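Structure data follow from target_4.cif (mmCIF, C-alpha atoms and all ligand atoms):
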```cif
data_data
loop_
_atom_site.label_atom_id
_atom_site.label_comp_id
_atom_site.auth_asym_id
_atom_site.auth_seq_id
_atom_site.Cartn_x
_atom_site.Cartn_y
_atom_site.Cartn_z
CA MET G 1 -8.01 -25.69 64.64
CA LYS G 2 -8.35 -22.27 63.01
CA TYR G 3 -5.35 -23.08 60.83
CA TRP G 4 -6.94 -26.18 59.28
CA GLY G 5 -10.37 -24.56 59.20
CA LEU G 6 -8.98 -21.73 57.11
CA LEU G 7 -7.36 -24.20 54.71
CA ILE G 8 -10.63 -26.11 54.36
CA ALA G 9 -12.47 -22.81 53.76
CA LYS G 10 -10.01 -21.94 51.00
CA ILE G 11 -10.44 -25.35 49.38
CA VAL G 12 -14.22 -25.01 49.54
CA ALA G 13 -13.99 -21.53 47.99
CA ILE G 14 -11.79 -22.86 45.17
CA ALA G 15 -14.21 -25.74 44.60
CA GLY G 16 -17.03 -23.20 44.47
CA PHE G 17 -15.11 -21.20 41.90
CA ALA G 18 -14.55 -24.36 39.84
CA TRP G 19 -18.24 -25.25 40.05
CA GLY G 20 -19.20 -21.68 39.05
CA ALA G 21 -16.79 -21.67 36.12
CA ASN G 22 -18.20 -25.00 34.94
CA TRP G 23 -21.74 -23.69 35.28
CA MET G 24 -20.90 -20.47 33.42
CA THR G 25 -19.20 -22.43 30.65
CA HIS G 26 -22.20 -24.66 30.12
CA ARG G 27 -24.62 -21.73 30.46
CA PHE G 28 -23.01 -19.17 28.16
CA LEU G 29 -20.87 -21.14 25.70
CA ARG G 30 -22.61 -22.57 22.67
CA ILE G 31 -22.55 -26.36 22.53
CA PRO G 32 -20.98 -27.42 19.21
CA GLN G 33 -23.11 -29.29 16.70
CA GLN G 34 -20.84 -32.36 16.69
CA THR G 35 -21.37 -32.72 20.44
CA LEU G 36 -25.10 -32.68 19.91
CA ASP G 37 -24.91 -35.11 16.96
CA TYR G 38 -22.29 -37.60 18.09
CA GLY G 39 -21.88 -37.02 21.81
CA HIS G 40 -18.20 -36.05 21.54
CA ASN G 41 -16.66 -34.09 24.35
CA PRO G 42 -16.40 -30.48 23.14
CA VAL G 43 -13.05 -30.09 24.93
CA GLY G 44 -10.36 -30.96 22.43
CA THR G 45 -12.64 -30.71 19.39
CA ASP G 46 -13.96 -27.15 19.74
CA LEU G 47 -11.48 -24.28 20.10
CA GLY G 48 -13.68 -22.11 22.34
CA TRP G 49 -14.45 -24.91 24.78
CA THR G 50 -10.83 -26.02 24.84
CA PHE G 51 -9.58 -22.49 25.48
CA VAL G 52 -12.09 -21.80 28.27
CA THR G 53 -11.42 -25.17 29.92
CA ALA G 54 -7.66 -24.65 29.78
CA PHE G 55 -8.01 -21.14 31.21
CA CYS G 56 -10.21 -22.40 34.05
CA PHE G 57 -7.79 -25.24 34.77
CA LEU G 58 -4.86 -22.83 34.98
CA ALA G 59 -6.86 -20.43 37.14
CA ILE G 60 -7.78 -23.22 39.56
CA CYS G 61 -4.16 -24.42 39.69
CA GLY G 62 -3.06 -20.87 40.44
CA LEU G 63 -5.64 -20.48 43.18
CA CYS G 64 -4.54 -23.78 44.77
CA TRP G 65 -0.91 -22.67 44.64
CA ALA G 66 -1.78 -19.27 46.17
CA ALA G 67 -3.80 -20.95 48.93
CA ILE G 68 -0.93 -23.30 49.82
CA VAL G 69 1.70 -20.54 49.80
CA ASP G 70 -0.56 -18.28 51.88
CA GLN G 71 -1.20 -21.11 54.33
CA ARG G 72 2.52 -21.73 54.79
CA TYR G 73 3.02 -18.21 56.18
CA ARG G 74 0.22 -18.36 58.74
CA CYS G 75 0.31 -18.96 62.48
CA ARG G 76 -0.47 -22.59 63.34
CA THR G 77 -2.62 -21.51 66.30
CA CYS G 78 -4.61 -18.44 65.22
CA ALA G 79 -4.13 -18.54 61.40
CA THR G 80 -2.97 -14.91 61.35
CA ARG G 81 -0.39 -13.96 58.74
CA LEU G 82 3.10 -14.20 60.19
CA ARG G 83 4.92 -10.89 60.30
CA MET G 84 8.22 -9.20 61.00
CA PRO G 85 10.65 -11.27 58.92
CA VAL G 86 14.13 -11.21 60.40
CA ALA G 87 17.19 -12.60 58.65
CA THR G 88 19.43 -14.62 60.94
CA GLY G 89 22.62 -16.55 60.38
CA SER G 90 25.42 -15.78 58.02
CA TRP G 91 26.10 -16.64 54.40
CA GLY G 92 29.84 -16.64 55.13
CA ARG G 93 29.51 -19.45 57.70
CA ALA G 94 26.56 -21.09 56.01
CA THR G 95 27.87 -24.62 55.72
CA LEU G 96 28.19 -25.61 59.39
CA PHE G 97 27.51 -23.08 62.08
CA ALA G 98 25.11 -20.28 61.31
CA ARG G 99 22.95 -21.26 58.41
CA PRO G 100 20.99 -18.33 57.05
CA LYS G 101 17.35 -18.41 58.04
CA MET G 102 14.37 -16.12 57.86
CA GLU G 103 12.31 -15.92 61.03
CA TYR G 104 8.67 -14.91 61.06
CA ILE G 105 6.65 -14.37 64.20
CA CYS G 106 2.97 -14.39 65.06
CA PRO G 107 1.89 -10.88 66.11
CA TYR G 108 -0.01 -12.43 69.05
CA GLY G 109 3.03 -14.37 70.29
CA HIS G 110 1.89 -17.92 69.51
CA GLY G 111 5.09 -18.99 67.81
CA THR G 112 7.96 -18.44 65.46
CA MET G 113 8.62 -19.99 62.07
CA ASN G 114 12.16 -20.49 60.79
CA ILE G 115 12.61 -20.94 57.06
CA SER G 116 16.03 -22.06 55.97
CA GLN G 117 17.40 -19.89 53.19
CA LEU G 118 20.08 -22.42 52.28
CA GLN G 119 18.61 -25.74 51.21
CA ILE G 120 21.51 -27.94 50.17
CA THR G 121 19.90 -31.34 50.58
CA GLY G 122 16.61 -30.49 48.94
CA ARG G 123 13.55 -28.64 50.04
CA GLU G 124 13.28 -28.41 53.82
CA THR G 125 10.04 -27.97 55.69
CA PRO G 126 9.89 -24.81 57.79
CA GLU G 127 10.36 -25.22 61.54
CA TRP G 128 7.49 -24.00 63.69
CA ASP G 129 8.43 -23.25 67.30
CA GLU G 130 5.36 -22.83 69.41
CA HIS G 131 5.76 -20.40 72.28
CA GLY G 132 4.25 -21.02 75.66
CA ASP G 133 1.91 -18.66 77.40
CA ILE G 134 3.91 -15.44 77.70
CA TRP G 135 1.96 -14.28 80.77
CA LYS G 136 2.77 -17.47 82.68
CA GLU G 137 6.39 -17.09 81.66
CA LEU G 138 6.44 -13.51 82.94
CA GLU G 139 4.77 -14.56 86.21
CA SER G 140 7.31 -17.35 86.69
CA ILE G 141 10.17 -14.86 86.26
CA GLY G 142 8.65 -12.62 88.93
CA SER G 143 7.95 -15.47 91.35
CA SER G 144 11.43 -16.98 91.04
CA ARG G 145 13.02 -13.76 92.31
CA ASP G 146 11.11 -13.92 95.59
ZN ZN M 201 -0.93 -16.71 66.33
#
```
What would you get if you wrote out this structure as structure tokens?
Ligand SMILES: [Zn+2]
Amino acid sequence: MKYWGLLIAKIVAIAGFAWGANWMTHRFLRIPQQTLDYGHNPVGTDLGWTFVTAFCFLAICGLCWAAIVDQRYRCRTCATRLRMPVATGSWGRATLFARPKMEYICPYGHGTMNISQLQITGRETPEWDEHGDIWKELESIGSSRD
């Protein structure tokens, strides 16, 4: 739930930025005379409006990209940034047996994410392996010995 809540919060923040940029543009940029006379859209006919609109569009695209990339490297349970990247596999035996992967782990032990470093058949989605409760697992190890 935290994972999707964080993504929604990022989208809302980006929408707020877009709304603020639109408000600032209309507040501080002079409206061209031809817009006032003929009702033309100033974007595409006025250089200042076109430049500011293009800059805002690129900034919003960049923020969306950063939000998606940041979200990909977060724990699916607690939305904490995944840490401790470990390279596994081998490039020498990459075709069949030990494909090279990068493993990230949640610092609170919720799960592990495996990202394939070799993507022959196109872009692969990362594998998320959710761990069980580590305390129950430790208790079961202790109780099985008795
Ligand atoms: Zn976690």
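Of note, atom CA of Gly44 of chain G and atom CA of Cys61 of chain G are spaced 19.5 Å apart.
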Select the residues contacting ligand ZN 201 (chain M) at a distance of at most 8 Å, based on only C-alpha atoms and all ligand atoms, then format the selection as an MDAnalysis selection string. chainID G and resid 74:80 82 106:111
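Distance-wise, atom CA of Met102 of chain G and atom CA of Ile141 of chain G end up 28.7 Å apart.
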Could you check which of G:Ala67, G:Ile31, G:Leu138, G:Pro42 is closest to Ala9 of chain G, using all atoms listed in the file?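 Distance minimum relative to Ala9 of chain G lands on G:Ala67.
As for atom CA of Ala18 of chain G and atom CA of Leu47 of chain G, they are spaced 20.0 Å apart.
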Segment 62-139 of chain G near segment 51-57 of chain G within 12 Å: what's each residue's closest atom pair and its distance in Å to one decimal, counting all atoms listed in the file, ordered by chain then ascending residue number, as CSV?
```
residue,atom,partner,partner_atom,distance
G:Gly62,CA,G:Phe57,CA,8.6
G:Leu63,CA,G:Phe57,CA,9.9
G:Cys64,CA,G:Phe57,CA,10.6
```
Could you please fill out segment 97-112 of chain G with N, CA, C and O atoms and send it back as a PDB file, in the frame of the given file?
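Saved file rebuild33.pdb follows:
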```pdb
ATOM      1  N   PHE G  97      27.871 -23.666  60.794  1.00  0.00           N
ATOM      2  CA  PHE G  97      27.510 -23.080  62.080  1.00  0.00           C
ATOM      3  C   PHE G  97      26.252 -22.235  62.049  1.00  0.00           C
ATOM      4  O   PHE G  97      25.317 -22.498  62.777  1.00  0.00           O
ATOM      5  N   ALA G  98      26.229 -21.224  61.259  1.00  0.00           N
ATOM      6  CA  ALA G  98      25.110 -20.280  61.310  1.00  0.00           C
ATOM      7  C   ALA G  98      24.434 -20.239  59.944  1.00  0.00           C
ATOM      8  O   ALA G  98      24.676 -19.343  59.142  1.00  0.00           O
ATOM      9  N   ARG G  99      23.639 -21.220  59.694  1.00  0.00           N
ATOM     10  CA  ARG G  99      22.950 -21.260  58.410  1.00  0.00           C
ATOM     11  C   ARG G  99      21.956 -20.114  58.320  1.00  0.00           C
ATOM     12  O   ARG G  99      21.253 -19.822  59.286  1.00  0.00           O
ATOM     13  N   PRO G 100      21.910 -19.468  57.178  1.00  0.00           N
ATOM     14  CA  PRO G 100      20.990 -18.330  57.050  1.00  0.00           C
ATOM     15  C   PRO G 100      19.540 -18.781  57.078  1.00  0.00           C
ATOM     16  O   PRO G 100      19.156 -19.725  56.392  1.00  0.00           O
ATOM     17  N   LYS G 101      18.766 -18.097  57.903  1.00  0.00           N
ATOM     18  CA  LYS G 101      17.350 -18.410  58.040  1.00  0.00           C
ATOM     19  C   LYS G 101      16.549 -17.118  58.041  1.00  0.00           C
ATOM     20  O   LYS G 101      17.078 -16.053  58.340  1.00  0.00           O
ATOM     21  N   MET G 102      15.290 -17.242  57.751  1.00  0.00           N
ATOM     22  CA  MET G 102      14.370 -16.120  57.860  1.00  0.00           C
ATOM     23  C   MET G 102      13.344 -16.500  58.926  1.00  0.00           C
ATOM     24  O   MET G 102      12.718 -17.555  58.842  1.00  0.00           O
ATOM     25  N   GLU G 103      13.233 -15.639  59.931  1.00  0.00           N
ATOM     26  CA  GLU G 103      12.310 -15.920  61.030  1.00  0.00           C
ATOM     27  C   GLU G 103      11.087 -15.028  60.901  1.00  0.00           C
ATOM     28  O   GLU G 103      11.199 -13.822  60.676  1.00  0.00           O
ATOM     29  N   TYR G 104       9.935 -15.636  61.034  1.00  0.00           N
ATOM     30  CA  TYR G 104       8.670 -14.910  61.060  1.00  0.00           C
ATOM     31  C   TYR G 104       8.020 -15.172  62.409  1.00  0.00           C
ATOM     32  O   TYR G 104       8.193 -16.248  62.974  1.00  0.00           O
ATOM     33  N   ILE G 105       7.263 -14.209  62.893  1.00  0.00           N
ATOM     34  CA  ILE G 105       6.650 -14.370  64.200  1.00  0.00           C
ATOM     35  C   ILE G 105       5.168 -14.025  64.123  1.00  0.00           C
ATOM     36  O   ILE G 105       4.750 -13.181  63.330  1.00  0.00           O
ATOM     37  N   CYS G 106       4.400 -14.706  64.948  1.00  0.00           N
ATOM     38  CA  CYS G 106       2.970 -14.390  65.060  1.00  0.00           C
ATOM     39  C   CYS G 106       2.832 -13.085  65.838  1.00  0.00           C
ATOM     40  O   CYS G 106       3.469 -12.923  66.879  1.00  0.00           O
ATOM     41  N   PRO G 107       2.024 -12.150  65.365  1.00  0.00           N
ATOM     42  CA  PRO G 107       1.890 -10.880  66.110  1.00  0.00           C
ATOM     43  C   PRO G 107       1.251 -11.061  67.482  1.00  0.00           C
ATOM     44  O   PRO G 107       1.372 -10.182  68.328  1.00  0.00           O
ATOM     45  N   TYR G 108       0.604 -12.182  67.742  1.00  0.00           N
ATOM     46  CA  TYR G 108      -0.010 -12.430  69.050  1.00  0.00           C
ATOM     47  C   TYR G 108       0.873 -13.315  69.929  1.00  0.00           C
ATOM     48  O   TYR G 108       0.455 -13.740  71.002  1.00  0.00           O
ATOM     49  N   GLY G 109       2.063 -13.662  69.463  1.00  0.00           N
ATOM     50  CA  GLY G 109       3.030 -14.370  70.290  1.00  0.00           C
ATOM     51  C   GLY G 109       2.822 -15.874  70.385  1.00  0.00           C
ATOM     52  O   GLY G 109       3.309 -16.501  71.312  1.00  0.00           O
ATOM     53  N   HIS G 110       2.129 -16.474  69.439  1.00  0.00           N
ATOM     54  CA  HIS G 110       1.890 -17.920  69.510  1.00  0.00           C
ATOM     55  C   HIS G 110       3.107 -18.745  69.113  1.00  0.00           C
ATOM     56  O   HIS G 110       3.237 -19.883  69.559  1.00  0.00           O
ATOM     57  N   GLY G 111       3.943 -18.208  68.237  1.00  0.00           N
ATOM     58  CA  GLY G 111       5.090 -18.990  67.810  1.00  0.00           C
ATOM     59  C   GLY G 111       5.938 -18.272  66.784  1.00  0.00           C
ATOM     60  O   GLY G 111       5.637 -17.157  66.364  1.00  0.00           O
ATOM     61  N   THR G 112       7.006 -18.960  66.417  1.00  0.00           N
ATOM     62  CA  THR G 112       7.960 -18.440  65.460  1.00  0.00           C
ATOM     63  C   THR G 112       8.207 -19.497  64.386  1.00  0.00           C
ATOM     64  O   THR G 112       8.280 -20.678  64.699  1.00  0.00           O
TER      65      THR G 112
END
```
